[in-house]
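Below is coords.pdb, which holds PDB, C-alpha atoms and all ligand atoms.
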MODEL        1
ATOM      1  CA  MET A   1      99.841  79.262  90.786
ATOM      2  CA  SER A   2      98.042  81.970  92.763
ATOM      3  CA  LEU A   3      98.608  85.602  91.893
ATOM      4  CA  LEU A   4      99.978  86.330  95.345
ATOM      5  CA  LEU A   5     102.412  83.458  95.148
ATOM      6  CA  ARG A   6     103.532  84.655  91.720
ATOM      7  CA  HIS A   7     104.089  88.127  93.158
ATOM      8  CA  HIS A   8     106.043  86.707  96.051
ATOM      9  CA  LEU A   9     108.212  84.597  93.794
ATOM     10  CA  ALA A  10     108.838  87.509  91.453
ATOM     11  CA  ALA A  11     109.760  89.659  94.432
ATOM     12  CA  SER A  12     112.062  86.962  95.788
ATOM     13  CA  HIS A  13     113.836  86.745  92.439
ATOM     14  CA  ARG A  14     114.300  90.468  92.383
ATOM     15  CA  ALA A  15     115.557  90.408  95.945
ATOM     16  CA  ALA A  16     118.078  87.759  94.969
ATOM     17  CA  ALA A  17     119.121  89.997  92.096
ATOM     18  CA  GLY A  18     119.651  92.852  94.540
ATOM     19  CA  LEU A  19     116.722  94.865  93.213
ATOM     20  CA  ALA A  20     114.678  94.850  96.400
ATOM     21  CA  ARG A  21     115.719  95.293  99.962
ATOM     22  CA  ALA A  22     115.211  92.270 102.175
ATOM     23  CA  ARG A  23     113.183  94.226 104.726
ATOM     24  CA  TRP A  24     110.756  94.913 101.919
ATOM     25  CA  LEU A  25     109.667  91.337 101.552
ATOM     26  CA  SER A  26     107.280  89.943 104.086
ATOM     27  CA  THR A  27     105.972  86.644 102.833
ATOM     28  CA  ASP A  28     105.485  85.339 106.375
ATOM     29  CA  THR A  29     101.851  84.259 106.103
ATOM     30  CA  SER A  30     101.326  84.669 109.866
ATOM     31  CA  ARG A  31     101.580  88.420 109.372
ATOM     32  CA  ASN A  32      98.505  90.624 108.976
ATOM     33  CA  VAL A  33      99.999  92.497 106.027
ATOM     34  CA  LEU A  34     101.968  90.752 103.292
ATOM     35  CA  ILE A  35     104.473  92.902 101.464
ATOM     36  CA  SER A  36     105.853  92.254  98.018
ATOM     37  CA  ARG A  37     107.374  94.040  95.018
ATOM     38  CA  PRO A  38     105.551  92.942  91.852
ATOM     39  CA  GLU A  39     107.589  95.615  90.050
ATOM     40  CA  PRO A  40     110.847  97.172  91.331
ATOM     41  CA  SER A  41     109.081 100.525  91.716
ATOM     42  CA  VAL A  42     105.793  99.230  93.183
ATOM     43  CA  ALA A  43     105.044  98.012  96.706
ATOM     44  CA  LEU A  44     102.083  95.647  97.006
ATOM     45  CA  LEU A  45     100.518  95.453 100.468
ATOM     46  CA  THR A  46      97.999  92.625 100.942
ATOM     47  CA  LEU A  47      95.782  92.478 104.017
ATOM     48  CA  ASN A  48      96.014  88.964 105.398
ATOM     49  CA  ARG A  49      93.493  87.963 108.063
ATOM     50  CA  PRO A  50      91.536  85.536 105.868
ATOM     51  CA  LYS A  51      89.644  83.830 108.701
ATOM     52  CA  ALA A  52      88.248  87.169 109.886
ATOM     53  CA  LEU A  53      87.653  88.535 106.350
ATOM     54  CA  ASN A  54      90.502  91.004 106.958
ATOM     55  CA  ALA A  55      88.727  92.635 109.916
ATOM     56  CA  LEU A  56      90.895  95.555 110.959
ATOM     57  CA  ASN A  57      92.504  95.382 114.391
ATOM     58  CA  SER A  58      95.306  97.259 116.152
ATOM     59  CA  ALA A  59      97.994  94.740 115.160
ATOM     60  CA  LEU A  60      97.000  94.945 111.494
ATOM     61  CA  PHE A  61      97.056  98.748 111.543
ATOM     62  CA  GLY A  62     100.453  98.722 113.276
ATOM     63  CA  GLU A  63     101.846  96.625 110.423
ATOM     64  CA  LEU A  64     100.008  98.555 107.724
ATOM     65  CA  ASN A  65     101.179 101.964 108.946
ATOM     66  CA  ALA A  66     104.772 100.733 109.267
ATOM     67  CA  ALA A  67     104.696  99.272 105.733
ATOM     68  CA  LEU A  68     103.156 102.433 104.270
ATOM     69  CA  GLU A  69     105.675 104.680 105.989
ATOM     70  CA  GLU A  70     108.576 102.500 104.870
ATOM     71  CA  ALA A  71     107.303 102.560 101.275
ATOM     72  CA  ASP A  72     106.950 106.335 101.484
ATOM     73  CA  GLU A  73     110.591 106.651 102.559
ATOM     74  CA  ASP A  74     111.977 104.138 100.043
ATOM     75  CA  GLY A  75     113.451 106.015  97.076
ATOM     76  CA  ASP A  76     113.036 102.997  94.781
ATOM     77  CA  ILE A  77     109.272 102.916  95.241
ATOM     78  CA  GLY A  78     107.070 105.252  93.228
ATOM     79  CA  ALA A  79     103.577 104.000  94.094
ATOM     80  CA  ILE A  80     101.823 101.618  96.460
ATOM     81  CA  VAL A  81      99.014  99.117  95.842
ATOM     82  CA  LEU A  82      96.747  98.091  98.717
ATOM     83  CA  THR A  83      94.499  95.056  98.416
ATOM     84  CA  GLY A  84      92.787  92.275 100.347
ATOM     85  CA  SER A  85      91.531  88.852  99.287
ATOM     86  CA  ASP A  86      89.013  87.834  96.629
ATOM     87  CA  LYS A  87      86.321  87.546  99.335
ATOM     88  CA  ALA A  88      87.131  90.646 101.353
ATOM     89  CA  PHE A  89      89.152  93.813 100.976
ATOM     90  CA  ALA A  90      88.269  94.296 104.659
ATOM     91  CA  ALA A  91      85.018  93.563 106.524
ATOM     92  CA  GLY A  92      85.456  96.530 108.858
ATOM     93  CA  ALA A  93      86.847  97.168 112.301
ATOM     94  CA  ASP A  94      87.318  93.998 114.329
ATOM     95  CA  ILE A  95      84.029  93.849 116.208
ATOM     96  CA  LYS A  96      85.336  91.185 118.586
ATOM     97  CA  GLU A  97      88.299  93.379 119.571
ATOM     98  CA  MET A  98      86.166  96.471 120.110
ATOM     99  CA  LYS A  99      82.929  95.131 121.597
ATOM    100  CA  ASP A 100      83.910  95.579 125.289
ATOM    101  CA  LYS A 101      85.586  98.940 124.865
ATOM    102  CA  GLN A 102      84.542 101.681 127.303
ATOM    103  CA  PHE A 103      84.093 105.342 126.421
ATOM    104  CA  ALA A 104      86.931 106.482 128.697
ATOM    105  CA  ASP A 105      89.435 104.120 127.024
ATOM    106  CA  ALA A 106      88.271 104.998 123.533
ATOM    107  CA  TYR A 107      88.470 108.721 124.312
ATOM    108  CA  LYS A 108      91.757 108.691 126.228
ATOM    109  CA  SER A 109      93.546 106.583 123.619
ATOM    110  CA  ASN A 110      91.902 108.534 120.768
ATOM    111  CA  PHE A 111      90.819 105.170 119.310
ATOM    112  CA  LEU A 112      91.074 105.054 115.488
ATOM    113  CA  VAL A 113      93.347 108.091 115.205
ATOM    114  CA  ASN A 114      96.183 105.962 113.823
ATOM    115  CA  TRP A 115      93.772 104.371 111.300
ATOM    116  CA  THR A 116      93.872 107.517 109.210
ATOM    117  CA  ARG A 117      97.668 107.832 109.161
ATOM    118  CA  MET A 118      97.464 106.516 105.607
ATOM    119  CA  SER A 119      96.098 109.878 104.508
ATOM    120  CA  SER A 120      99.480 111.486 105.296
ATOM    121  CA  ILE A 121     101.431 109.197 102.917
ATOM    122  CA  ARG A 122     102.862 111.304 100.060
ATOM    123  CA  LYS A 123     103.174 108.605  97.404
ATOM    124  CA  PRO A 124     100.070 107.547  95.472
ATOM    125  CA  ILE A 125      98.163 104.596  96.907
ATOM    126  CA  ILE A 126      96.035 102.541  94.522
ATOM    127  CA  GLY A 127      93.348 100.440  96.196
ATOM    128  CA  ALA A 128      92.285  97.194  94.501
ATOM    129  CA  VAL A 129      88.964  96.075  95.989
ATOM    130  CA  SER A 130      87.356  92.659  95.602
ATOM    131  CA  GLY A 131      84.578  91.365  97.848
ATOM    132  CA  TYR A 132      83.536  93.137 101.038
ATOM    133  CA  ALA A 133      84.767  96.650 101.828
ATOM    134  CA  LEU A 134      82.535  97.384 104.807
ATOM    135  CA  GLY A 135      82.709  99.850 107.683
ATOM    136  CA  GLY A 136      86.376 100.579 108.385
ATOM    137  CA  GLY A 137      87.164  98.570 105.226
ATOM    138  CA  CYS A 138      85.134 100.996 103.129
ATOM    139  CA  GLU A 139      86.807 103.895 104.948
ATOM    140  CA  LEU A 140      90.243 102.406 104.261
ATOM    141  CA  ALA A 141      89.333 102.133 100.570
ATOM    142  CA  LEU A 142      88.172 105.766 100.584
ATOM    143  CA  MET A 143      91.596 106.835 101.854
ATOM    144  CA  CYS A 144      93.282 105.397  98.741
ATOM    145  CA  ASP A 145      94.130 107.930  96.030
ATOM    146  CA  ILE A 146      92.843 105.814  93.153
ATOM    147  CA  LEU A 147      90.350 103.014  93.683
ATOM    148  CA  LEU A 148      89.796 100.135  91.272
ATOM    149  CA  ALA A 149      87.111  97.529  91.908
ATOM    150  CA  SER A 150      86.416  94.055  90.657
ATOM    151  CA  PRO A 151      82.745  93.354  89.779
ATOM    152  CA  THR A 152      82.420  91.453  93.112
ATOM    153  CA  ALA A 153      83.247  94.496  95.233
ATOM    154  CA  THR A 154      80.592  95.338  97.837
ATOM    155  CA  PHE A 155      80.885  98.560  99.769
ATOM    156  CA  GLY A 156      78.952  99.785 102.780
ATOM    157  CA  GLN A 157      78.873 101.562 106.115
ATOM    158  CA  PRO A 158      76.856  99.084 108.220
ATOM    159  CA  GLU A 159      77.908 100.495 111.629
ATOM    160  CA  ILE A 160      74.348 101.627 112.428
ATOM    161  CA  LYS A 161      73.420  97.947 112.748
ATOM    162  CA  LEU A 162      75.992  97.683 115.563
ATOM    163  CA  GLY A 163      74.699 100.702 117.481
ATOM    164  CA  VAL A 164      77.496 103.021 116.311
ATOM    165  CA  ILE A 165      78.386 105.189 113.307
ATOM    166  CA  PRO A 166      81.404 105.184 110.961
ATOM    167  CA  GLY A 167      84.468 106.334 112.903
ATOM    168  CA  ALA A 168      87.315 106.459 110.375
ATOM    169  CA  GLY A 169      86.026 109.049 107.936
ATOM    170  CA  GLY A 170      82.955 107.393 106.370
ATOM    171  CA  THR A 171      80.500 110.192 107.093
ATOM    172  CA  GLN A 172      82.961 112.843 105.886
ATOM    173  CA  ARG A 173      84.742 111.300 102.893
ATOM    174  CA  LEU A 174      81.641 109.628 101.435
ATOM    175  CA  THR A 175      79.641 112.856 101.716
ATOM    176  CA  ARG A 176      82.311 114.745  99.790
ATOM    177  CA  ILE A 177      82.410 112.077  97.079
ATOM    178  CA  ILE A 178      78.774 110.976  96.629
ATOM    179  CA  GLY A 179      76.823 113.791  98.295
ATOM    180  CA  LYS A 180      74.607 114.165 101.344
ATOM    181  CA  ALA A 181      71.458 112.281 100.301
ATOM    182  CA  ARG A 182      73.204 109.073  99.275
ATOM    183  CA  THR A 183      75.574 109.143 102.260
ATOM    184  CA  MET A 184      72.683 109.734 104.671
ATOM    185  CA  GLU A 185      70.810 106.787 103.220
ATOM    186  CA  LEU A 186      73.843 104.489 103.430
ATOM    187  CA  VAL A 187      74.904 105.562 106.926
ATOM    188  CA  LEU A 188      71.381 105.540 108.397
ATOM    189  CA  THR A 189      70.117 102.331 106.776
ATOM    190  CA  GLY A 190      73.400 100.424 106.686
ATOM    191  CA  ARG A 191      72.628  99.119 103.200
ATOM    192  CA  ASN A 192      75.558  97.991 101.081
ATOM    193  CA  PHE A 193      76.267  99.340  97.606
ATOM    194  CA  THR A 194      77.552  97.482  94.581
ATOM    195  CA  ALA A 195      80.626  97.939  92.405
ATOM    196  CA  ASP A 196      78.342  99.348  89.669
ATOM    197  CA  GLU A 197      76.911 101.949  92.059
ATOM    198  CA  ALA A 198      80.421 102.763  93.294
ATOM    199  CA  GLU A 199      81.541 103.364  89.710
ATOM    200  CA  ARG A 200      78.447 105.400  88.819
ATOM    201  CA  TRP A 201      78.815 107.586  91.932
ATOM    202  CA  GLY A 202      82.569 108.137  91.478
ATOM    203  CA  VAL A 203      83.703 106.172  94.534
ATOM    204  CA  VAL A 204      85.896 104.014  92.287
ATOM    205  CA  SER A 205      87.577 105.250  89.141
ATOM    206  CA  ARG A 206      86.552 102.071  87.315
ATOM    207  CA  ILE A 207      85.564  98.416  87.534
ATOM    208  CA  VAL A 208      88.127  95.991  86.165
ATOM    209  CA  ARG A 209      85.968  93.467  84.293
ATOM    210  CA  GLU A 210      88.729  91.567  82.443
ATOM    211  CA  GLY A 211      91.561  89.943  84.396
ATOM    212  CA  SER A 212      92.703  90.635  87.930
ATOM    213  CA  VAL A 213      92.022  93.938  89.665
ATOM    214  CA  VAL A 214      95.338  93.603  91.525
ATOM    215  CA  ASP A 215      97.303  93.146  88.286
ATOM    216  CA  GLU A 216      95.559  96.212  86.850
ATOM    217  CA  ALA A 217      96.317  98.232  89.990
ATOM    218  CA  VAL A 218      99.990  97.217  89.752
ATOM    219  CA  LYS A 219      99.993  98.392  86.103
ATOM    220  CA  VAL A 220      98.542 101.755  87.117
ATOM    221  CA  ALA A 221     101.070 102.041  89.961
ATOM    222  CA  SER A 222     103.948 101.132  87.655
ATOM    223  CA  ARG A 223     102.880 103.757  85.104
ATOM    224  CA  ILE A 224     102.719 106.432  87.821
ATOM    225  CA  ALA A 225     106.098 105.326  89.217
ATOM    226  CA  GLY A 226     107.621 105.986  85.762
ATOM    227  CA  PHE A 227     106.871 109.708  85.955
ATOM    228  CA  GLY A 228     108.819 112.316  87.910
ATOM    229  CA  ARG A 229     108.425 111.722  91.643
ATOM    230  CA  VAL A 230     108.265 115.428  92.479
ATOM    231  CA  SER A 231     105.478 116.155  89.997
ATOM    232  CA  VAL A 232     103.553 113.034  91.048
ATOM    233  CA  GLN A 233     103.742 114.102  94.687
ATOM    234  CA  ALA A 234     102.685 117.628  93.723
ATOM    235  CA  GLY A 235      99.733 116.295  91.696
ATOM    236  CA  LYS A 236      98.487 114.237  94.636
ATOM    237  CA  GLU A 237      98.949 117.170  97.021
ATOM    238  CA  ALA A 238      97.104 119.580  94.731
ATOM    239  CA  VAL A 239      94.096 117.270  94.218
ATOM    240  CA  ASN A 240      93.848 116.671  97.966
ATOM    241  CA  VAL A 241      93.845 120.414  98.644
ATOM    242  CA  ALA A 242      90.555 120.571  96.693
ATOM    243  CA  PHE A 243      88.922 118.723  99.611
ATOM    244  CA  GLU A 244      90.202 121.153 102.200
ATOM    245  CA  THR A 245      89.836 124.673 100.850
ATOM    246  CA  THR A 246      87.887 127.177  98.749
ATOM    247  CA  LEU A 247      88.133 127.160  94.942
ATOM    248  CA  GLU A 248      90.043 130.467  94.938
ATOM    249  CA  GLN A 249      92.617 129.260  97.488
ATOM    250  CA  GLY A 250      92.863 125.876  95.775
ATOM    251  CA  LEU A 251      93.536 127.452  92.376
ATOM    252  CA  LYS A 252      96.210 129.676  93.911
ATOM    253  CA  TYR A 253      97.808 126.659  95.617
ATOM    254  CA  GLU A 254      97.757 124.691  92.357
ATOM    255  CA  ARG A 255      99.360 127.552  90.424
ATOM    256  CA  ARG A 256     102.136 127.992  93.039
ATOM    257  CA  LEU A 257     102.915 124.260  92.897
ATOM    258  CA  PHE A 258     102.869 124.447  89.087
ATOM    259  CA  HIS A 259     105.328 127.385  89.181
ATOM    260  CA  SER A 260     107.617 125.518  91.594
ATOM    261  CA  LEU A 261     107.924 122.535  89.253
ATOM    262  CA  PHE A 262     109.924 124.753  86.871
ATOM    263  CA  ALA A 263     112.718 124.470  89.453
ATOM    264  CA  THR A 264     112.990 120.703  88.850
ATOM    265  CA  ALA A 265     115.264 118.778  86.508
ATOM    266  CA  ASP A 266     112.295 116.569  85.623
ATOM    267  CA  GLN A 267     110.422 119.530  84.095
ATOM    268  CA  LYS A 268     113.459 120.365  81.930
ATOM    269  CA  GLU A 269     113.805 116.700  80.940
ATOM    270  CA  GLY A 270     110.069 116.187  80.278
ATOM    271  CA  MET A 271     109.764 119.217  78.011
ATOM    272  CA  ALA A 272     113.131 118.600  76.280
ATOM    273  CA  ALA A 273     112.094 114.996  75.582
ATOM    274  CA  PHE A 274     108.847 116.212  74.004
ATOM    275  CA  THR A 275     110.622 118.625  71.674
ATOM    276  CA  GLU A 276     113.320 116.033  70.832
ATOM    277  CA  LYS A 277     110.616 113.384  70.163
ATOM    278  CA  ARG A 278     112.029 110.845  72.643
ATOM    279  CA  ASN A 279     110.891 109.262  75.906
ATOM    280  CA  ALA A 280     111.657 111.283  79.025
ATOM    281  CA  GLN A 281     114.070 109.840  81.594
ATOM    282  CA  PHE A 282     112.813 111.237  84.898
ATOM    283  CA  LYS A 283     115.115 111.233  87.923
ATOM    284  CA  GLY A 284     112.754 112.533  90.583
ATOM    285  CA  GLU A 285     114.828 115.694  90.956
TER     286      GLU A 285
HETATM  287  N1  LIG A 301      85.012  91.886 112.940
HETATM  288  C1  LIG A 301      85.376  90.706 113.460
HETATM  289  N2  LIG A 301      85.178  89.522 112.825
HETATM  290  C2  LIG A 301      84.587  89.563 111.627
HETATM  291  C3  LIG A 301      84.177  90.767 111.020
HETATM  292  C4  LIG A 301      84.424  91.980 111.732
HETATM  293  N3  LIG A 301      84.117  93.181 111.226
HETATM  294  N4  LIG A 301      83.601  90.485 109.823
HETATM  295  C5  LIG A 301      83.669  89.143 109.688
HETATM  296  N5  LIG A 301      84.250  88.587 110.758
HETATM  297  C6  LIG A 301      84.499  87.167 111.029
HETATM  298  C7  LIG A 301      83.216  86.446 111.438
HETATM  299  O1  LIG A 301      82.968  86.644 112.816
HETATM  300  C8  LIG A 301      83.560  85.025 111.083
HETATM  301  O2  LIG A 301      84.401  84.516 112.096
HETATM  302  P1  LIG A 301      84.063  83.066 112.769
HETATM  303  O3  LIG A 301      84.215  82.092 111.631
HETATM  304  O4  LIG A 301      85.103  82.940 113.828
HETATM  305  O5  LIG A 301      82.661  83.160 113.251
HETATM  306  C9  LIG A 301      84.417  85.167 109.824
HETATM  307  O6  LIG A 301      84.872  86.511 109.818
HETATM  308  C10 LIG A 301      83.612  84.937 108.547
HETATM  309  O7  LIG A 301      82.484  85.828 108.587
HETATM  310  P2  LIG A 301      80.981  85.329 108.302
HETATM  311  O8  LIG A 301      80.807  83.910 108.723
HETATM  312  O9  LIG A 301      80.047  86.331 108.896
HETATM  313  O10 LIG A 301      80.979  85.392 106.695
HETATM  314  P3  LIG A 301      79.727  85.651 105.746
HETATM  315  O11 LIG A 301      80.228  85.409 104.371
HETATM  316  O12 LIG A 301      78.535  84.906 106.200
HETATM  317  O13 LIG A 301      79.362  87.228 105.922
HETATM  318  C11 LIG A 301      79.889  89.580 106.093
HETATM  319  C12 LIG A 301      80.296  88.199 105.512
HETATM  320  C13 LIG A 301      78.590  90.049 105.472
HETATM  321  C14 LIG A 301      81.017  90.562 105.730
HETATM  322  C15 LIG A 301      79.752  89.482 107.634
HETATM  323  O14 LIG A 301      80.892  88.827 108.161
HETATM  324  C16 LIG A 301      79.589  90.780 108.329
HETATM  325  O15 LIG A 301      78.513  91.370 108.321
HETATM  326  N6  LIG A 301      80.689  91.295 108.967
HETATM  327  C17 LIG A 301      80.637  92.511 109.728
HETATM  328  C18 LIG A 301      80.617  93.751 108.838
HETATM  329  C19 LIG A 301      80.532  95.010 109.691
HETATM  330  O16 LIG A 301      79.609  95.231 110.426
HETATM  331  N7  LIG A 301      81.560  95.910 109.555
HETATM  332  C20 LIG A 301      81.613  97.139 110.279
HETATM  333  C21 LIG A 301      82.415  96.992 111.537
HETATM  334  S1  LIG A 301      82.358  98.419 112.584
HETATM  335  C22 LIG A 301      83.452  99.507 111.906
HETATM  336  O17 LIG A 301      84.111  99.229 110.907
HETATM  337  C23 LIG A 301      83.611 100.834 112.625
HETATM  338  C24 LIG A 301      84.403 101.850 111.897
HETATM  339  O18 LIG A 301      83.878 102.679 111.199
HETATM  340  C25 LIG A 301      85.856 101.920 112.048
ENDMDL
END
In C-alpha cells, what does this structure look like?
Amino acid sequence: MSLLLRHHLAASHRAAAGLARARWLSTDTSRNVLISRPEPSVALLTLNRPKALNALNSALFGELNAALEEADEDGDIGAIVLTGSDKAFAAGADIKEMKDKQFADAYKSNFLVNWTRMSSIRKPIIGAVSGYALGGGCELALMCDILLASPTATFGQPEIKLGVIPGAGGTQRLTRIIGKARTMELVLTGRNFTADEAERWGVVSRIVREGSVVDEAVKVASRIAGFGRVSVQAGKEAVNVAFETTLEQGLKYERRLFHSLFATADQKEGMAAFTEKRNAQFKGE
C-alpha cells in the first residue's frame, strides 16, 4: 500500500472517530493539493500534478494557500508538512501557463506575489523533498522552515535557460543561506545541485537516508506539535527576524520574546514538569 494511501486511510479513520474535521481531508485526486492528517496534530499537504511534475500554476497556489491558511487557523494542528512526489517536489513555475504572459499583465497583477504567502504562515512548515525541486519548486522549498531531503532530491534555479531569472525569492533566499558566489553560479549557469550539496551548504537540515522522507518529516512535525504552541510560534518568529535585521536588534527582539513567554501557562508547566521530573502537558496558553 502506498504511503499516501496509508496516510489517507489513517486520516479517514481519525475523521470517522471525530478527531479530524471533514474539511481537512481532501483525498480527491483531481485536486492539485492533497490534504491529510497522518497525526491528529499534523497536516500533510501533498502537491499533486504528477503529469506535469508538480509544475506550479495559479490553481495549485490557490489551493495551497487556502490549505496553509486553514492549517494555521486550526487549533488542533501544531505543524505542517509539505511534500510532492518521489519524482518531483515541484519542477518550477508552469512554463506552459506563463509562456505568453506580457509585461503589463505580469506587472499589473503583481504576478507571483501570492506565491510567497506561505512565508506569513505562523506554524512551522517542514518540507520533505524528493526528486526535482527546480525554479519555483526550489523557491517553495526555501520558504519551508525546516527542509528534509531524500538522497534523490535535485535542487536548482534553471530560469536563466528560459530567458528569465528566479522570481519567487531564489536570488534572495539562496544568497542568504549559501552565500553570493554559490548563488551567482547557480543562478547564472542554471546548474542543478544535489542533495549532498544542499546538506553541505545548509539548504536542507539533513538527508533522510533510511526510510521515507515524508514519514520522517511527519515525525519532526509531530514532535514540534507536542510542545507549547506559543513558544513554538515565538521560536519561528525569532529565527526569521535574524534574516531581516541587525544582530543588535535581533538579540533585543529575541530577549523581549523570551521575557514575554514568562506570561504563559506553558512556561510555568514546562519548568514545573522539569523540577517534578515528569513530562510537561502543554496547552498552548
Ligand atoms: N512547467 C510546465 N510543465 C512542466 C514543467 C514546468 N516547469 N516541468 C515539467 N513539465 C512537464 C513536461 O512538459 C512534461 O509534460 P508533457 O508530458 O506534456 O510533455 C512532463 O512535465 C514531464 O516532464 P519531462 O518529460 O521533461 O520529464 P523529464 O524527466 O525528461 O525531465 C525535468 C524532468 C528536468 C524536471 C524537466 O521537465 C524540466 O527541465 N522542467 C522544467 C524545469 C524548469 O525550468 N523550471 C523552472 C521554471 S521557471 C520558474 O520556476 C520561475 C520562478 O522562479 C517562479
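Using all atoms listed in the file for every distance, the candidate list A:Asp74, A:Asp145, A:Glu159, A:Glu244 yields A:Asp145 as the residue closest to Pro124 in chain A.
Take the candidates A:Thr194, A:Ser41, A:Asn32, A:Gln157 and check each one against ligand LIG 301 (chain A) using all atoms listed in the file; the shortest distance goes to A:Gln157.
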Mind dumping a table of every chain A residue within 8 Å of ligand LIG 301 (chain A), with the nearest atom pair and its distance in Å to one decimal, using only C-alpha atoms and all ligand atoms, sorted by chain and rising number, as a Markdown table?
| residue | atom | partner | partner_atom | distance |
| --- | --- | --- | --- | --- |
| A:Pro50 | CA | A:LIG301 | O6 | 7.8 |
| A:Lys51 | CA | A:LIG301 | C9 | 5.5 |
| A:Ala52 | CA | A:LIG301 | O6 | 3.4 |
| A:Leu53 | CA | A:LIG301 | O6 | 4.9 |
| A:Asn54 | CA | A:LIG301 | N4 | 7.5 |
| A:Ala55 | CA | A:LIG301 | C4 | 4.7 |
| A:Leu56 | CA | A:LIG301 | N3 | 7.2 |
| A:Ala88 | CA | A:LIG301 | C14 | 7.5 |
| A:Ala90 | CA | A:LIG301 | N3 | 7.8 |
| A:Ala91 | CA | A:LIG301 | N4 | 4.7 |
| A:Gly92 | CA | A:LIG301 | O17 | 3.6 |
| A:Ala93 | CA | A:LIG301 | O17 | 3.7 |
| A:Asp94 | CA | A:LIG301 | N1 | 3.4 |
| A:Ile95 | CA | A:LIG301 | N1 | 3.9 |
| A:Lys96 | CA | A:LIG301 | C1 | 5.1 |
| A:Glu97 | CA | A:LIG301 | C1 | 7.3 |
| A:Leu112 | CA | A:LIG301 | C25 | 7.0 |
| A:Tyr132 | CA | A:LIG301 | C14 | 5.9 |
| A:Leu134 | CA | A:LIG301 | N7 | 5.1 |
| A:Gly135 | CA | A:LIG301 | O17 | 3.6 |
| A:Gly136 | CA | A:LIG301 | O17 | 3.6 |
| A:Gly137 | CA | A:LIG301 | O17 | 6.5 |
| A:Glu139 | CA | A:LIG301 | O18 | 7.0 |
| A:Gln157 | CA | A:LIG301 | C20 | 6.7 |
| A:Pro158 | CA | A:LIG301 | O16 | 5.2 |
| A:Glu159 | CA | A:LIG301 | S1 | 5.0 |
| A:Lys161 | CA | A:LIG301 | O16 | 7.1 |
| A:Leu162 | CA | A:LIG301 | O16 | 6.7 |
| A:Val164 | CA | A:LIG301 | C23 | 7.5 |
| A:Ile165 | CA | A:LIG301 | O18 | 6.4 |
| A:Pro166 | CA | A:LIG301 | O18 | 3.5 |
| A:Gly167 | CA | A:LIG301 | O18 | 4.1 |
| A:Ala168 | CA | A:LIG301 | C25 | 5.1 |
| A:Gly169 | CA | A:LIG301 | O18 | 7.5 |
| A:Gly170 | CA | A:LIG301 | O18 | 6.8 |
Next on the checklist: I need the output of the PyMOL selection byres (((chain A and resi 80-84) around 9) and not hetatm) for this file as a VMD selection string; which residues are they?
Outcome noted: chain A and resid 41 to 50 53 to 54 68 71 to 72 77 to 79 85 to 90 123 to 131 141 144 214 217 to 218 221
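For the pair CA of Lys283 in chain A and CA of Arg122 in chain A, the interatomic distance is 17.2 Å.
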Checklist entry - With all atoms listed in the file as the atoms that count, which of A:Ile146, A:Ala280, A:Met271, A:Leu174 lies nearest to Val239 in chain A? => result A:Ile146
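Atom to atom, CA of Gly75 in chain A and CA of Gly235 in chain A stand 18.0 Å apart.
You can rank A:Glu197, A:Phe243, A:Gly228, A:Thr189 by their closest distance to Thr175 in chain A using all atoms listed in the file, and at the top of that list sits A:Phe243.
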Could you rebuild range 134-143 of chain A with N, CA, C and O atoms and give me the result as a PDB file, in the coordinates of the input?
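Okay, part.pdb is ready:
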ATOM      1  N   LEU A 134      83.611  96.905 103.937  1.00  0.00           N
ATOM      2  CA  LEU A 134      82.535  97.384 104.807  1.00  0.00           C
ATOM      3  C   LEU A 134      83.087  98.147 106.003  1.00  0.00           C
ATOM      4  O   LEU A 134      84.182  97.838 106.490  1.00  0.00           O
ATOM      5  N   GLY A 135      82.304  99.102 106.491  1.00  0.00           N
ATOM      6  CA  GLY A 135      82.709  99.850 107.683  1.00  0.00           C
ATOM      7  C   GLY A 135      84.098 100.436 107.515  1.00  0.00           C
ATOM      8  O   GLY A 135      84.382 101.146 106.539  1.00  0.00           O
ATOM      9  N   GLY A 136      84.995 100.088 108.469  1.00  0.00           N
ATOM     10  CA  GLY A 136      86.376 100.579 108.385  1.00  0.00           C
ATOM     11  C   GLY A 136      87.061 100.134 107.096  1.00  0.00           C
ATOM     12  O   GLY A 136      87.992 100.799 106.628  1.00  0.00           O
ATOM     13  N   GLY A 137      86.597  99.034 106.504  1.00  0.00           N
ATOM     14  CA  GLY A 137      87.164  98.570 105.226  1.00  0.00           C
ATOM     15  C   GLY A 137      86.795  99.513 104.095  1.00  0.00           C
ATOM     16  O   GLY A 137      87.603  99.808 103.212  1.00  0.00           O
ATOM     17  N   CYS A 138      85.572 100.010 104.118  1.00  0.00           N
ATOM     18  CA  CYS A 138      85.134 100.996 103.129  1.00  0.00           C
ATOM     19  C   CYS A 138      85.905 102.299 103.355  1.00  0.00           C
ATOM     20  O   CYS A 138      86.380 102.939 102.412  1.00  0.00           O
ATOM     21  N   GLU A 139      86.087 102.652 104.625  1.00  0.00           N
ATOM     22  CA  GLU A 139      86.807 103.895 104.948  1.00  0.00           C
ATOM     23  C   GLU A 139      88.276 103.806 104.537  1.00  0.00           C
ATOM     24  O   GLU A 139      88.864 104.777 104.070  1.00  0.00           O
ATOM     25  N   LEU A 140      88.859 102.614 104.694  1.00  0.00           N
ATOM     26  CA  LEU A 140      90.243 102.406 104.261  1.00  0.00           C
ATOM     27  C   LEU A 140      90.334 102.571 102.739  1.00  0.00           C
ATOM     28  O   LEU A 140      91.244 103.220 102.229  1.00  0.00           O
ATOM     29  N   ALA A 141      89.361 101.994 102.035  1.00  0.00           N
ATOM     30  CA  ALA A 141      89.333 102.133 100.570  1.00  0.00           C
ATOM     31  C   ALA A 141      89.216 103.611 100.182  1.00  0.00           C
ATOM     32  O   ALA A 141      89.893 104.077  99.262  1.00  0.00           O
ATOM     33  N   LEU A 142      88.377 104.348 100.910  1.00  0.00           N
ATOM     34  CA  LEU A 142      88.172 105.766 100.584  1.00  0.00           C
ATOM     35  C   LEU A 142      89.424 106.609 100.808  1.00  0.00           C
ATOM     36  O   LEU A 142      89.550 107.701 100.261  1.00  0.00           O
ATOM     37  N   MET A 143      90.346 106.097 101.620  1.00  0.00           N
ATOM     38  CA  MET A 143      91.596 106.835 101.854  1.00  0.00           C
ATOM     39  C   MET A 143      92.617 106.607 100.745  1.00  0.00           C
ATOM     40  O   MET A 143      93.641 107.281 100.695  1.00  0.00           O
TER      41      MET A 143
END
